[in-house]
Amino acid sequence: MRNTPAKMTGKVLKATRATYEVMLENQVIQCTIRGKLVVDDENYASVKVGDNVTLLLVNEMEGVIEKILPRKSQLTRTIASRQYKEHIIAVNIDQLLIILSTKNPRFKSGLMDRYLVIAEKNRLHPLICINKIDLSNAEKFAPYLDYYQGKLGIPVFFTSAITGEGVTLLEKSLQNSVTALVGHSGVGKSSLIKAIQPGLDIKTAEVSERTRKGQHTTTHVQLFPLLNNSFVIDTPGIRELGFWGIYKKDLANYFIEFRQYAHECQFGDCTHIHEPGCAVKSAVSRGEILEERYNNYINIFESLKSAHYER
Ligand code: GDP
Ligand code: ZN
């Protein structure tokens with residue numbers, strides 16, 4: 001007697017050339033795409049990490065993906081070798097967890113602001129984590145807590161993967177979400193995930209990637225399920241990530257607190273850098289906008305100017 005194959009929905013954790021790891025409610029199975037996907041929209045012609053899919057179960061371990069369900073977001077980057085080409089890293093990501101360390105490597109607020117631009121641009125809910133707090137005095141970072149969390153409403157966590165400080169709070173913030181981790185190598189991304197879930201090593205995928213330096217299309221991106229219905233994904237470095245489609249003239253829009261002032265600038269196309277009658281600059285001089293963040297804005301602006309992003 002033959003059973004009709006069971007139809008189910010699942011989440012794609014990993015995509016390799018022809019097979020996909022898909023998480024069902026209680027297990028992970030291997031899937032292929034046999035024949036053609038059911039496609040309503042050209043954007044849904046290829047399966048990405050993070051996709052929710054419907055599939056037919058072939059047996060207990062294998063399935064065939066039939067259709068991609070609507071995506072709510074996508075994280076993209078430019079492909080270095082093919083300028084301007086947009087590449088989807090993963091889809092259906094809810095949050096961007098920006099991880100920095102107090103030292104080793106040194107804390108850079110400029111990097112934090114760059115990642116915040118990416119979060120804003122990709123419509124991801126940002127979270128800031130300042131790790132290795134055991135190596136520093138938390139008070140040194142209080143101004144960031146005041147401004148980014150207090151004024152901008154972006155959660156700021158102070159953690160130590162070594163002492164466990166702040167890890168429970170961080171873990172809670174990941175619950176029921178798909179979170180992309182970003183941060184320079186060495187800030188403690190892997191250690192933090194291990195502190196949340198001992199045994200899980202998000203670096204496994206990264207190592208195989210390094211041997212193929214330069215071949216961006218073969219980069220492995222993987223979604224790791226944690227126990228509390230959360231998923232994390234370790235994304236590639238800042239240089240490759242998401243300054244796609246950011247133009248000088250739009251940059252200020254991604255600095256969320258600038259918006260409330262920008263419409264009061266004397267010039268409609270004010271860049272908030274050198275123009276007279278700039279309301280953003282006045283807000284900086286009144287201390288309403290953090291000067292350090294404003295300086296980061298100028299630096300990012302200048303970096304866009306010399307890049308190929310001018311419109
Ligand atoms: P990743 O490259 O961002 O994944 O960073 P890793 O998790 O590999 O950590 C890099 C180094 O920093 C390792 O030697 C860790 O032991 C160390 N490290 C990670 N988190 C902390 C922390 O909170 N405090 C201290 N003191 N060291 C840490
Ligand atoms: Zn202005």
# chains A, B, ... in the order shown; residues from 1 in each chain; ligands from 1
call {"tool": "closest_atom_pairs", "arguments": {"of": "chain A", "to": "ligand 1", "cutoff": "10 Å", "atoms": "only C-alpha atoms and all ligand atoms", "output": "JSON lines"}}
result
{"residue": "A:Ile99", "atom": "CA", "partner": "ligand 1", "partner_atom_place_in_ligand_line": "3 (O)", "distance": 7.9}
{"residue": "A:Leu100", "atom": "CA", "partner": "ligand 1", "partner_atom_place_in_ligand_line": "3 (O)", "distance": 8.5}
{"residue": "A:Ser101", "atom": "CA", "partner": "ligand 1", "partner_atom_place_in_ligand_line": "23 (O)", "distance": 7.8}
{"residue": "A:Thr102", "atom": "CA", "partner": "ligand 1", "partner_atom_place_in_ligand_line": "24 (N)", "distance": 8.8}
{"residue": "A:Lys103", "atom": "CA", "partner": "ligand 1", "partner_atom_place_in_ligand_line": "26 (N)", "distance": 8.8}
{"residue": "A:Asn104", "atom": "CA", "partner": "ligand 1", "partner_atom_place_in_ligand_line": "12 (O)", "distance": 7.4}
{"residue": "A:Pro105", "atom": "CA", "partner": "ligand 1", "partner_atom_place_in_ligand_line": "12 (O)", "distance": 8.8}
{"residue": "A:Ile130", "atom": "CA", "partner": "ligand 1", "partner_atom_place_in_ligand_line": "23 (O)", "distance": 8.8}
{"residue": "A:Asn131", "atom": "CA", "partner": "ligand 1", "partner_atom_place_in_ligand_line": "23 (O)", "distance": 5.1}
{"residue": "A:Lys132", "atom": "CA", "partner": "ligand 1", "partner_atom_place_in_ligand_line": "23 (O)", "distance": 3.4}
{"residue": "A:Ile133", "atom": "CA", "partner": "ligand 1", "partner_atom_place_in_ligand_line": "23 (O)", "distance": 6.2}
{"residue": "A:Asp134", "atom": "CA", "partner": "ligand 1", "partner_atom_place_in_ligand_line": "24 (N)", "distance": 5.7}
{"residue": "A:Leu135", "atom": "CA", "partner": "ligand 1", "partner_atom_place_in_ligand_line": "26 (N)", "distance": 5.6}
{"residue": "A:Ser136", "atom": "CA", "partner": "ligand 1", "partner_atom_place_in_ligand_line": "26 (N)", "distance": 9.2}
{"residue": "A:Phe158", "atom": "CA", "partner": "ligand 1", "partner_atom_place_in_ligand_line": "23 (O)", "distance": 9.3}
{"residue": "A:Thr159", "atom": "CA", "partner": "ligand 1", "partner_atom_place_in_ligand_line": "23 (O)", "distance": 6.2}
{"residue": "A:Ser160", "atom": "CA", "partner": "ligand 1", "partner_atom_place_in_ligand_line": "23 (O)", "distance": 3.3}
{"residue": "A:Ala161", "atom": "CA", "partner": "ligand 1", "partner_atom_place_in_ligand_line": "23 (O)", "distance": 3.8}
{"residue": "A:Ile162", "atom": "CA", "partner": "ligand 1", "partner_atom_place_in_ligand_line": "23 (O)", "distance": 4.8}
{"residue": "A:Thr163", "atom": "CA", "partner": "ligand 1", "partner_atom_place_in_ligand_line": "23 (O)", "distance": 7.0}
{"residue": "A:Gly164", "atom": "CA", "partner": "ligand 1", "partner_atom_place_in_ligand_line": "23 (O)", "distance": 7.7}
{"residue": "A:Glu165", "atom": "CA", "partner": "ligand 1", "partner_atom_place_in_ligand_line": "23 (O)", "distance": 8.3}
{"residue": "A:Gly166", "atom": "CA", "partner": "ligand 1", "partner_atom_place_in_ligand_line": "23 (O)", "distance": 9.8}
{"residue": "A:Val167", "atom": "CA", "partner": "ligand 1", "partner_atom_place_in_ligand_line": "23 (O)", "distance": 9.6}
{"residue": "A:Leu181", "atom": "CA", "partner": "ligand 1", "partner_atom_place_in_ligand_line": "3 (O)", "distance": 9.1}
{"residue": "A:Val182", "atom": "CA", "partner": "ligand 1", "partner_atom_place_in_ligand_line": "3 (O)", "distance": 8.4}
{"residue": "A:Gly183", "atom": "CA", "partner": "ligand 1", "partner_atom_place_in_ligand_line": "3 (O)", "distance": 6.5}
{"residue": "A:His184", "atom": "CA", "partner": "ligand 1", "partner_atom_place_in_ligand_line": "3 (O)", "distance": 6.1}
{"residue": "A:Ser185", "atom": "CA", "partner": "ligand 1", "partner_atom_place_in_ligand_line": "2 (O)", "distance": 3.7}
{"residue": "A:Gly186", "atom": "CA", "partner": "ligand 1", "partner_atom_place_in_ligand_line": "2 (O)", "distance": 3.5}
{"residue": "A:Val187", "atom": "CA", "partner": "ligand 1", "partner_atom_place_in_ligand_line": "3 (O)", "distance": 4.1}
{"residue": "A:Gly188", "atom": "CA", "partner": "ligand 1", "partner_atom_place_in_ligand_line": "5 (O)", "distance": 3.3}
{"residue": "A:Lys189", "atom": "CA", "partner": "ligand 1", "partner_atom_place_in_ligand_line": "3 (O)", "distance": 3.7}
{"residue": "A:Ser190", "atom": "CA", "partner": "ligand 1", "partner_atom_place_in_ligand_line": "4 (O)", "distance": 3.6}
{"residue": "A:Ser191", "atom": "CA", "partner": "ligand 1", "partner_atom_place_in_ligand_line": "7 (O)", "distance": 3.6}
{"residue": "A:Leu192", "atom": "CA", "partner": "ligand 1", "partner_atom_place_in_ligand_line": "20 (N)", "distance": 6.4}
{"residue": "A:Ile193", "atom": "CA", "partner": "ligand 1", "partner_atom_place_in_ligand_line": "7 (O)", "distance": 8.1}
{"residue": "A:Lys194", "atom": "CA", "partner": "ligand 1", "partner_atom_place_in_ligand_line": "7 (O)", "distance": 8.2}
{"residue": "A:Ala195", "atom": "CA", "partner": "ligand 1", "partner_atom_place_in_ligand_line": "20 (N)", "distance": 9.1}
{"residue": "A:Asp201", "atom": "CA", "partner": "ligand 1", "partner_atom_place_in_ligand_line": "4 (O)", "distance": 9.0}
{"residue": "A:Ile202", "atom": "CA", "partner": "ligand 1", "partner_atom_place_in_ligand_line": "4 (O)", "distance": 7.7}
{"residue": "A:Lys203", "atom": "CA", "partner": "ligand 1", "partner_atom_place_in_ligand_line": "4 (O)", "distance": 6.6}
{"residue": "A:Glu206", "atom": "CA", "partner": "ligand 1", "partner_atom_place_in_ligand_line": "4 (O)", "distance": 9.4}
{"residue": "A:Asp234", "atom": "CA", "partner": "ligand 1", "partner_atom_place_in_ligand_line": "4 (O)", "distance": 8.8}
call {"tool": "residues_near_ligand", "arguments": {"ligand": "ligand 2", "cutoff": "9 Å", "atoms": "only C-alpha atoms and all ligand atoms", "output": "number ranges by chain"}}
result
A: 258, 261-282
call {"tool": "select_by_dssp", "arguments": {"residues": "stretch 162-210 of chain A", "states": "alpha helix (DSSP H)", "output": "PyMOL selection string"}}
result
chain A and resi 167-174+189-196+204-210
call {"tool": "residues_around", "arguments": {"residues": "stretch 34-48 of chain A", "least_positions_apart": "6", "cutoff": "8 Å", "atoms": "only C-alpha atoms", "output": "PyMOL selection string"}}
result
chain A and resi 12+15+64-68+88-91
call {"tool": "write_last_selection", "arguments": {"atoms": "C-alpha atoms", "output": "PDB file, in the first residue's frame"}}
result
ATOM      1  CA  VAL A  12      15.692  26.210   5.196  1.00  0.00           C
ATOM      2  CA  ALA A  15      21.654  25.599   1.074  1.00  0.00           C
ATOM      3  CA  VAL A  64      11.205  17.653  -2.067  1.00  0.00           C
ATOM      4  CA  ILE A  65      10.724  21.414  -1.886  1.00  0.00           C
ATOM      5  CA  GLU A  66       7.691  22.547  -3.821  1.00  0.00           C
ATOM      6  CA  LYS A  67       7.203  26.191  -3.132  1.00  0.00           C
ATOM      7  CA  ILE A  68       8.742  29.176  -1.352  1.00  0.00           C
ATOM      8  CA  ILE A  88      20.762  37.658  -1.214  1.00  0.00           C
ATOM      9  CA  ILE A  89      22.597  36.282   1.825  1.00  0.00           C
ATOM     10  CA  ALA A  90      19.527  35.132   3.695  1.00  0.00           C
ATOM     11  CA  VAL A  91      15.845  35.912   3.993  1.00  0.00           C
TER      12      VAL A  91
END
